[in-house]
Amino acid sequence: MLITGCKKNDPTTEPVPVYTVPTTYNFTNANFADATTRLGMYTEISNLMKNALTGTFDAAKAKAMLTNTGAPFTTAAYNTSGLQLNDQFAPVFKTDAISFIDSLAKASAAASTPASRGKAGVGASSANAASKYALTSLGVNYAQVFNKGLMGGLVTYQIVTTMDAVANQAIDNTAIVNGATAMEHAWDLAFGYWGVPVDFPTNKTGAKLWGSYSTQVDSGYKANTILMTAFLKGRAAISAKDKATFVAQAKIIITTMERLTGAAALQEVKEAKAAISDNILRNSRVSEMYGFVYSLKYNPKRVITDTQYNALLALFPKSYYDLTLTDVNAIRDAVANQYDFNSVKDIL
């Protein structure tokens with residue numbers, strides 16, 4: 001356990017309370033069940049998208065899952081939860097999510113055609129015929145663009161907007177409702193959206209979405225420790241009414257989420273380079289890379305400017321079949337320069 005506190009050196013200054021910071025997210029009144037449910041809803045959509053490989057992807061069902069309409073989920077509890085994904089999305093992602101689903105549906109409709117330059121369909125990796133991907137005529141895997149987009153348009157958006165509200169003390173931290181203040185509960189939901197166990201990173205079992213990627217890039221960017229420490233210290237500080245500390249931790253999380261997006265894009269750069277001569281596999285990896293870069297648009301507190309963002313997107317060729325190693329390295333360097341990862345850009 002970590003102990004936080006200070007003595008009253010100045011009687012005119014509000015004293016900092018003494019409290020303990022636990023080493024796991026086991027706060028007695030913590031409740032992030034709604035976030036966990038929504039991540040489960042996402043998982044069912046992601047699994048449904050795998051049907052694109054056989055031409056049976058049901059786009060209407062996927063859209064119904066976004067709004068939880070007509071009992072679309074296999075998990076019955078999701079259907080009756082009263083929760084949905086769509087109302088938690090960044091406003092622009094609500095439109096983008098539908099577009100990504102429709103684009104995947106078009107590739108699925110051509111599943112009997114081998115994917116190739118100018119032809120939508122399903123293609124297999126030249127290194128492993130069992131690895132198949134549904135691609136558009138431009139080589140884009142919209143299942144991956146949707147997945148990475150959701151990581152930005154739902155998870156990052158919810159975490160960052162919550163942290164911004166906490167940093168500005170725009171959420172009540174006085175009244176107790178259902179055993180917690182509104183700020184405590186909002187912070188819990190943000191932690192839940194990260195998608196990690198309460199004893200992370202000691203235990204990584206079941207980590208998903210950003211919880212998985214923060215581990216994948218850990219060799220170059222220690223986001224696991226940065227985020228877990230900040231979530232624990234911030235939550236303890238909220239309960240102890242230590243404003244200076246919870247504001248500071250909220251700001252750390254905001255900064256970390258954007259840099260983590262850049263690190264994840266670089267991780268996909270590494271995989272794209274490894275598959276550079278395998279058109280189908282490379283195109284799918286580039287789709288993931290693009291998805292992460294594109295998802296920066298959903299972060300309302302991003303440091304990257306619109307001009308810098310658009311310049312990054314412009315580095316991707318219109319057709320992924322035209323992608324060269326030079327293109328991939330240019331994307332790598334631009335992301336690394338933007339997020340100060342030059343020293344680790346080849347190991348993330």
# chains A, B, ... in the order shown; residues from 1 in each chain; ligands from 1
$ select_by_dssp --residues "region 69-260 of chain A" --states "strand (DSSP E or B)" --output "PyMOL selection string"
chain A and resi 114+116+119+121-124+132-135+177+180
$ closest_atom_pairs --of "region 264-330 of chain A" --to "region 89-113 of chain A" --cutoff "12 Å" --atoms "only C-alpha atoms" --output "CSV"
residue,atom,partner,partner_atom,distance
A:Ser287,CA,A:Phe100,CA,11.8
A:Gly291,CA,A:Phe100,CA,10.6
A:Tyr294,CA,A:Asp96,CA,10.7
A:Ser295,CA,A:Phe93,CA,8.9
A:Leu296,CA,A:Phe93,CA,11.1
A:Lys297,CA,A:Val92,CA,8.7
A:Tyr298,CA,A:Ala90,CA,6.0
A:Asn299,CA,A:Ala90,CA,8.1
A:Pro300,CA,A:Ala90,CA,8.7
$ write_last_selection --atoms "C-alpha atoms" --output "compact mmCIF listing (two decimals), in the first residue's frame"
# COMPACT_ATOMS: atom_id res chain seq x y z
CA SER A 287 -5.71 -1.19 -42.03
CA GLY A 291 -7.43 2.71 -37.88
CA TYR A 294 -7.65 7.81 -37.97
CA SER A 295 -9.05 7.31 -34.45
CA LEU A 296 -7.10 10.31 -33.17
CA LYS A 297 -9.91 12.45 -34.57
CA TYR A 298 -12.22 11.17 -31.83
CA ASN A 299 -10.01 12.40 -28.99
CA PRO A 300 -11.40 15.80 -27.92
$ closest_residue --among "A:Ala59, A:Ala35, A:Met49, A:Ala64" --to "Gln88 (chain A)" --atoms "only C-alpha atoms"
A:Ala35
$ residues_around --residues "Ala71 (chain A)" --least-positions-apart "4" --cutoff "12 Å" --atoms "only C-alpha atoms" --output "count of residues only"
18
$ closest_atom_pairs --of "region 137-167 of chain A" --to "region 177-194 of chain A" --cutoff "10 Å" --atoms "only C-alpha atoms" --output "CSV"
residue,atom,partner,partner_atom,distance
A:Met151,CA,A:Tyr193,CA,9.4
A:Leu154,CA,A:Tyr193,CA,8.5
A:Val155,CA,A:Tyr193,CA,5.6
A:Thr156,CA,A:Tyr193,CA,8.3
A:Tyr157,CA,A:Ala190,CA,9.7
A:Gln158,CA,A:Ala190,CA,6.5
A:Ile159,CA,A:Ala190,CA,4.8
A:Val160,CA,A:Ala190,CA,8.3
A:Thr161,CA,A:Ala190,CA,9.2
A:Thr162,CA,A:Ala186,CA,6.6
A:Met163,CA,A:Trp187,CA,7.6
A:Ala165,CA,A:Met183,CA,9.0
A:Val166,CA,A:Met183,CA,7.1
$ write_last_selection --atoms "C-alpha atoms" --output "mmCIF file, in the first residue's frame"
data_model
loop_
_atom_site.group_PDB
_atom_site.id
_atom_site.type_symbol
_atom_site.label_atom_id
_atom_site.label_comp_id
_atom_site.auth_asym_id
_atom_site.auth_seq_id
_atom_site.Cartn_x
_atom_site.Cartn_y
_atom_site.Cartn_z
ATOM 1 C CA MET A 151 -11.039 2.018 -29.403
ATOM 2 C CA LEU A 154 -15.709 4.798 -27.538
ATOM 3 C CA VAL A 155 -12.912 3.904 -25.126
ATOM 4 C CA THR A 156 -10.509 6.827 -25.534
ATOM 5 C CA TYR A 157 -13.412 9.241 -25.927
ATOM 6 C CA GLN A 158 -15.057 8.104 -22.696
ATOM 7 C CA ILE A 159 -11.811 8.024 -20.714
ATOM 8 C CA VAL A 160 -10.588 11.395 -21.938
ATOM 9 C CA THR A 161 -13.891 13.244 -21.548
ATOM 10 C CA THR A 162 -14.226 11.865 -18.026
ATOM 11 C CA MET A 163 -10.687 12.860 -17.107
ATOM 12 C CA ALA A 165 -14.367 16.740 -16.435
ATOM 13 C CA VAL A 166 -12.512 15.532 -13.338
#
$ decode --residues "region 15-37 of chain A" --atoms "N, CA and C atoms" --output "mmCIF file, in the first residue's frame"
data_model
loop_
_atom_site.group_PDB
_atom_site.id
_atom_site.type_symbol
_atom_site.label_atom_id
_atom_site.label_comp_id
_atom_site.auth_asym_id
_atom_site.auth_seq_id
_atom_site.Cartn_x
_atom_site.Cartn_y
_atom_site.Cartn_z
ATOM 1 N N PRO A 15 -5.269 21.612 4.409
ATOM 2 C CA PRO A 15 -4.362 20.474 4.547
ATOM 3 C C PRO A 15 -4.700 19.366 3.558
ATOM 4 N N VAL A 16 -3.667 18.673 3.126
ATOM 5 C CA VAL A 16 -3.867 17.512 2.272
ATOM 6 C C VAL A 16 -4.186 16.326 3.163
ATOM 7 N N PRO A 17 -5.276 15.628 2.900
ATOM 8 C CA PRO A 17 -5.637 14.497 3.767
ATOM 9 C C PRO A 17 -4.650 13.345 3.653
ATOM 10 N N VAL A 18 -4.578 12.576 4.707
ATOM 11 C CA VAL A 18 -3.745 11.377 4.713
ATOM 12 C C VAL A 18 -4.624 10.181 4.342
ATOM 13 N N TYR A 19 -4.180 9.398 3.386
ATOM 14 C CA TYR A 19 -4.974 8.261 2.941
ATOM 15 C C TYR A 19 -4.066 7.236 2.291
ATOM 16 N N THR A 20 -4.595 6.070 2.061
ATOM 17 C CA THR A 20 -3.815 4.999 1.448
ATOM 18 C C THR A 20 -4.214 4.839 -0.013
ATOM 19 N N VAL A 21 -3.232 4.492 -0.825
ATOM 20 C CA VAL A 21 -3.478 4.179 -2.241
ATOM 21 C C VAL A 21 -3.262 2.678 -2.393
ATOM 22 N N PRO A 22 -4.295 1.922 -2.726
ATOM 23 C CA PRO A 22 -4.144 0.467 -2.840
ATOM 24 C C PRO A 22 -3.312 0.089 -4.056
ATOM 25 N N THR A 23 -2.858 -1.122 -4.083
ATOM 26 C CA THR A 23 -2.062 -1.615 -5.207
ATOM 27 C C THR A 23 -2.923 -2.317 -6.249
ATOM 28 N N THR A 24 -4.211 -2.497 -5.970
ATOM 29 C CA THR A 24 -5.159 -3.053 -6.942
ATOM 30 C C THR A 24 -6.424 -2.198 -6.925
ATOM 31 N N TYR A 25 -7.218 -2.296 -7.987
ATOM 32 C CA TYR A 25 -8.426 -1.474 -8.083
ATOM 33 C C TYR A 25 -9.587 -2.154 -7.356
ATOM 34 N N ASN A 26 -9.389 -2.322 -6.060
ATOM 35 C CA ASN A 26 -10.406 -2.981 -5.232
ATOM 36 C C ASN A 26 -11.012 -2.021 -4.230
ATOM 37 N N PHE A 27 -11.377 -0.851 -4.693
ATOM 38 C CA PHE A 27 -12.034 0.120 -3.825
ATOM 39 C C PHE A 27 -13.402 -0.423 -3.428
ATOM 40 N N THR A 28 -13.768 -0.231 -2.183
ATOM 41 C CA THR A 28 -14.969 -0.895 -1.655
ATOM 42 C C THR A 28 -16.243 -0.493 -2.383
ATOM 43 N N ASN A 29 -16.304 0.723 -2.893
ATOM 44 C CA ASN A 29 -17.524 1.172 -3.574
ATOM 45 C C ASN A 29 -17.344 1.309 -5.084
ATOM 46 N N ALA A 30 -16.311 0.668 -5.618
ATOM 47 C CA ALA A 30 -16.068 0.745 -7.063
ATOM 48 C C ALA A 30 -17.129 -0.034 -7.837
ATOM 49 N N ASN A 31 -17.563 0.560 -8.957
ATOM 50 C CA ASN A 31 -18.555 -0.102 -9.811
ATOM 51 C C ASN A 31 -18.341 0.355 -11.254
ATOM 52 N N PHE A 32 -17.811 -0.543 -12.072
ATOM 53 C CA PHE A 32 -17.628 -0.212 -13.489
ATOM 54 C C PHE A 32 -18.315 -1.252 -14.375
ATOM 55 N N ALA A 33 -19.378 -1.848 -13.844
ATOM 56 C CA ALA A 33 -20.073 -2.924 -14.558
ATOM 57 C C ALA A 33 -20.621 -2.475 -15.907
ATOM 58 N N ASP A 34 -21.105 -1.236 -16.006
ATOM 59 C CA ASP A 34 -21.675 -0.770 -17.275
ATOM 60 C C ASP A 34 -20.610 -0.721 -18.370
ATOM 61 N N ALA A 35 -19.404 -0.294 -18.011
ATOM 62 C CA ALA A 35 -18.328 -0.265 -18.992
ATOM 63 C C ALA A 35 -17.965 -1.678 -19.428
ATOM 64 N N THR A 36 -17.910 -2.597 -18.484
ATOM 65 C CA THR A 36 -17.602 -3.993 -18.807
ATOM 66 C C THR A 36 -18.653 -4.577 -19.739
ATOM 67 N N THR A 37 -19.916 -4.250 -19.482
ATOM 68 C CA THR A 37 -21.004 -4.728 -20.345
ATOM 69 C C THR A 37 -20.833 -4.198 -21.765
#
